Amino acid sequence: MSESVTFNEHGFEKRPLSKYAEEAYLDYSMYVILDRALPHIGDGLKPVQRRIVYAMSELGLKASAKYKKSARTVGDVIGKFHPHGDSAAYEAMVLMAQAFSYRYPLVDGQGNWGSADDPKSFAAMRYTESKLSYYADVLLSELGQGTVNWRPNFDATLDEPEILPAKVPNVLLNGTTGIAVGMATDIPPHNLNEVVSACLHLLDNPKATVLELMEHIKAPDFPTDGEIITSQAEILSTYETGRGSLKMRGIWHKEDGDIIVTALPFQASGSKILEQIATQMRNKKLPMVEDLRDESDHENPTRLVITPRSNRVDISALMDHFFATTDLERSYRINLNIIGMDGRPIVMNLRQVLKEWLRFRIDVTRRRLEFRLEKVEKRLHLLDGLLIAFLNIDEVINIIRAEDEPKPALVRRFGLSDAQTEYILDTKLRQLARLEEFKIRAEQDELATEQGELKLLLGSDIRLKTLIKKELKTVAAEHGDNRRSPLQERDEAIAFNEKDLLTAEPITVVLSDKGWIRAGKGHEIDPGTLSYKSGDKFLSSSRGRSNQNVFLQDSTGRYYSLPGHTLPSARGQGEPATGRLNMPSGASFTDVIMGVDEQKVLMGTDAGYGFITTVGNLFTKNKAGKAVVSIPKSARILRPKLVNQMDSFIAAVSNEGRMLVFPISDIPELARGKGNKIINIPTSRLQSREEYVVDYAVIAEGEALVVYSGKRYHVIKLKDLEHYRGERGRRGHKLPRGFQKVDRLDVDSTI
């Protein structure tokens, strides 16, 4: 179907559905962007906020007036200017009244208007009362002075201002957030004194850069005492692009061993922060915290007390953990997306925002002066006619008494204009008689002086800018205050990892032949004395700390990680490790190992290959494990051996009683793989399982090698192993008769 518009025989318009839907959605999008979600550069308000402020001014709810029920204001807003839901209008009004939400509140509320802990806890509008704040006068004081355009309201029965003539850049001072269609805005609040100072600098130096303006505006200034920790470089980047982010932290100090939090980030809830900390305590993730209290009151609006378990707790590290895991540190998105003077939304940098607003302010001021000049000139014109009438009052009275139509007669006789004549005729006779010439001339002189000043201002851009600067300074003197959010660059907070939060108690981990695992406190446990399930027996054990990981080796060369503190107690028979892990079909556990991440380990297979790695390389979060050792065909993996000294020696022995000893430094360090040849095992004999490596051992200075063969064992000191020394990868030498069927190797460090 063609996309051109056609009409049927009844005169109804026929349009393609796709075209209609596209235009309808675009119209809706523009409505949301321009008339709902984004603020205007001039007054920094969204339409609903502007209408609330204007409606309250029309109700006479100035700062000096008495409070009036909020329901009355909301009724006027939705009935006259904003035909939407009353709850939405009231929520917008509440936000403008909350001193913890708005840097410079526009509404002065009486009653329950919510709290910083729960901004949505405000009372219904039938209970609360409100009026405009003194700051609102900054937006309204010039409204009736010809400064802005007016438009009909939604039903064309009233007029409303298109924008309010703000005397300061309210768009930066109070900021706003909004989500439109395809775009959003996030403008943080700023300090009035700083913004005015930047405006003055820009008026004097129109080519000032963002960096120069940041000498006046250091950063946003929130209605909270929490500190801004973002670096000046990052803030500069945000102000230069109009997009970025900002971080805030709570402020704390130490008092009698307790941590006292006295200020929170913007929109952070103290009760929620305590709940976040309490949740970690319940989950046993904060063993170093003993107690939490909220001691906030009227004198101390924010006072959160955190009691450490002992004075040995690192308070700074603990607070870093809180900053990383709770709302004691929050990030805020910045997106200076504003409707400009041309009516289009645009993301501006700081200089553009101030430049555009100053253009608006110059236009408003010029219109105000022109409006006043017109009033002055009109009044002077009327006074000229009135003076003529006063000087010729008898003749004027006679003309009025004698003429049927005195107006044209007065015009002819005295050369008056219609406006002057109407003004004279509308003046009561007794008032005319009382008029004195010097009063008229005094008013004329005063107005003439003002007229001259206005013309000078309008005729000189420099004088106009000087007036704007003077007015900006006046507003700053009346409403300005000190910065609330201090600037303090901080390092990034790091949360405790699980190991940091655990006590490092000594434990012994025991693995059974069937894969059941358990852990007992201490290193004195004898795994052989523990009870095992029927048909099961002891396989391997390892000693470590409860804050370390336990690594399980399986027959395929894969390693699995389990946190040591999560293992069941050795008082029972444990639990199957396969319940927590996903092992390949047919695989079985062969060993268990523990140690610090830097601990070196010898990995090897009975094919005679091996390499050195570290315990840290064995870690994985994957339940399916991590492939560490590559096992040659027909070979089997051997148990790993801890390496405590890199000047140690490796002893490798085959099932035929051949042993080779060489420095461990000859073995490569790898993260994973097959490794290098340690002792030579012919491939054909390995595949037929005629010859293979029985065991490896790592011997250091002062230790002895113990060779076990059946019930017999042979102890060989390190210095006596010279006979078996050779280059890595050789066949080795035969052990003495009776020890040529070796079962395993061990190391005796008590020699």
# chains A, B, ... in the order shown; residues from 1 in each chain; ligands from 1
call {"tool": "residues_around", "arguments": {"residues": "Gly579 (chain A)", "least_positions_apart": "2", "cutoff": "12 Å", "atoms": "only C-alpha atoms", "output": "VMD selection string"}}
result
chain A and resid 515 to 517 562 567 574 to 577 581 to 583 623 to 624
call {"tool": "residues_around", "arguments": {"residues": "region 191-193 of chain A", "least_positions_apart": "3", "cutoff": "12 Å", "atoms": "only C-alpha atoms", "output": "number ranges by chain"}}
result
A: 102-104, 135, 138, 167-175, 188, 196-200, 216-224, 472-486
call {"tool": "residues_around", "arguments": {"residues": "Ala65 (chain A)", "least_positions_apart": "6", "cutoff": "10 Å", "atoms": "only C-alpha atoms", "output": "PyMOL selection string"}}
result
chain A and resi 130-132
call {"tool": "residues_around", "arguments": {"residues": "region 265-269 of chain A", "least_positions_apart": "5", "cutoff": "7 Å", "atoms": "only C-alpha atoms", "output": "number ranges by chain"}}
result
A: 116-117, 222-224, 226, 248-250, 327-330
call {"tool": "residues_around", "arguments": {"residues": "region 251-261 of chain A", "least_positions_apart": "4", "cutoff": "7 Å", "atoms": "only C-alpha atoms", "output": "ChimeraX atom specification"}}
result
/A:226-227,303-308,311
call {"tool": "write_last_selection", "arguments": {"atoms": "N, CA and C atoms", "output": "short mmCIF file (atom, residue, chain, number, x, y, z; two decimals), in the first residue's frame"}}
result
data_model
loop_
_atom_site.label_atom_id
_atom_site.label_comp_id
_atom_site.auth_asym_id
_atom_site.auth_seq_id
_atom_site.Cartn_x
_atom_site.Cartn_y
_atom_site.Cartn_z
N GLY A 226 28.37 13.88 53.23
CA GLY A 226 29.26 12.84 52.73
C GLY A 226 30.31 13.44 51.80
N GLU A 227 31.48 12.81 51.75
CA GLU A 227 32.58 13.38 50.97
C GLU A 227 32.62 12.81 49.56
N ARG A 303 24.19 9.13 63.13
CA ARG A 303 25.18 8.59 64.07
C ARG A 303 25.00 7.08 64.11
N LEU A 304 25.73 6.40 63.27
CA LEU A 304 25.73 4.94 63.22
C LEU A 304 26.95 4.43 63.97
N VAL A 305 26.75 3.51 64.89
CA VAL A 305 27.84 3.01 65.73
C VAL A 305 28.12 1.56 65.37
N ILE A 306 29.37 1.27 65.03
CA ILE A 306 29.82 -0.09 64.70
C ILE A 306 30.90 -0.47 65.70
N THR A 307 30.67 -1.53 66.44
CA THR A 307 31.62 -1.94 67.49
C THR A 307 32.44 -3.14 67.01
N PRO A 308 33.77 -2.97 66.85
CA PRO A 308 34.63 -4.12 66.47
C PRO A 308 34.73 -5.12 67.62
N ASN A 311 40.28 -4.63 69.88
CA ASN A 311 41.08 -3.48 69.43
C ASN A 311 42.19 -3.90 68.47
#
call {"tool": "atom_distance", "arguments": {"atom1": "CA of Gln740 (chain A)", "atom2": "CA of Ala700 (chain A)"}}
result
23.8 Å
call {"tool": "atom_distance", "arguments": {"atom1": "CA of Glu370 (chain A)", "atom2": "CA of Gly385 (chain A)"}}
result
22.8 Å
call {"tool": "decode", "arguments": {"residues": "region 350-364 of chain A", "atoms": "N, CA and C atoms", "output": "short mmCIF file (atom, residue, chain, number, x, y, z; two decimals), in the first residue's frame"}}
result
data_model
loop_
_atom_site.label_atom_id
_atom_site.label_comp_id
_atom_site.auth_asym_id
_atom_site.auth_seq_id
_atom_site.Cartn_x
_atom_site.Cartn_y
_atom_site.Cartn_z
N LEU A 350 30.11 21.66 30.97
CA LEU A 350 29.87 22.69 31.97
C LEU A 350 29.88 24.09 31.36
N ARG A 351 30.80 24.35 30.46
CA ARG A 351 30.87 25.67 29.84
C ARG A 351 29.63 25.96 29.02
N GLN A 352 29.16 24.96 28.28
CA GLN A 352 27.96 25.16 27.47
C GLN A 352 26.74 25.45 28.34
N VAL A 353 26.63 24.74 29.48
CA VAL A 353 25.49 24.97 30.38
C VAL A 353 25.48 26.41 30.86
N LEU A 354 26.61 26.88 31.36
CA LEU A 354 26.68 28.25 31.88
C LEU A 354 26.52 29.28 30.76
N LYS A 355 27.13 29.01 29.61
CA LYS A 355 27.04 29.93 28.47
C LYS A 355 25.60 30.05 28.00
N GLU A 356 24.94 28.92 27.87
CA GLU A 356 23.54 28.92 27.41
C GLU A 356 22.63 29.61 28.43
N TRP A 357 22.88 29.35 29.72
CA TRP A 357 22.03 29.99 30.73
C TRP A 357 22.26 31.50 30.76
N LEU A 358 23.50 31.94 30.61
CA LEU A 358 23.77 33.37 30.59
C LEU A 358 23.10 34.03 29.39
N ARG A 359 23.05 33.32 28.28
CA ARG A 359 22.31 33.85 27.12
C ARG A 359 20.84 34.02 27.46
N PHE A 360 20.29 33.04 28.17
CA PHE A 360 18.90 33.13 28.63
C PHE A 360 18.73 34.30 29.60
N ARG A 361 19.67 34.44 30.52
CA ARG A 361 19.56 35.50 31.52
C ARG A 361 19.67 36.89 30.89
N ILE A 362 20.56 37.03 29.93
CA ILE A 362 20.69 38.31 29.22
C ILE A 362 19.39 38.65 28.50
N ASP A 363 18.78 37.65 27.87
CA ASP A 363 17.51 37.85 27.16
C ASP A 363 16.41 38.25 28.14
N VAL A 364 16.33 37.55 29.29
CA VAL A 364 15.31 37.86 30.30
C VAL A 364 15.52 39.28 30.84
#
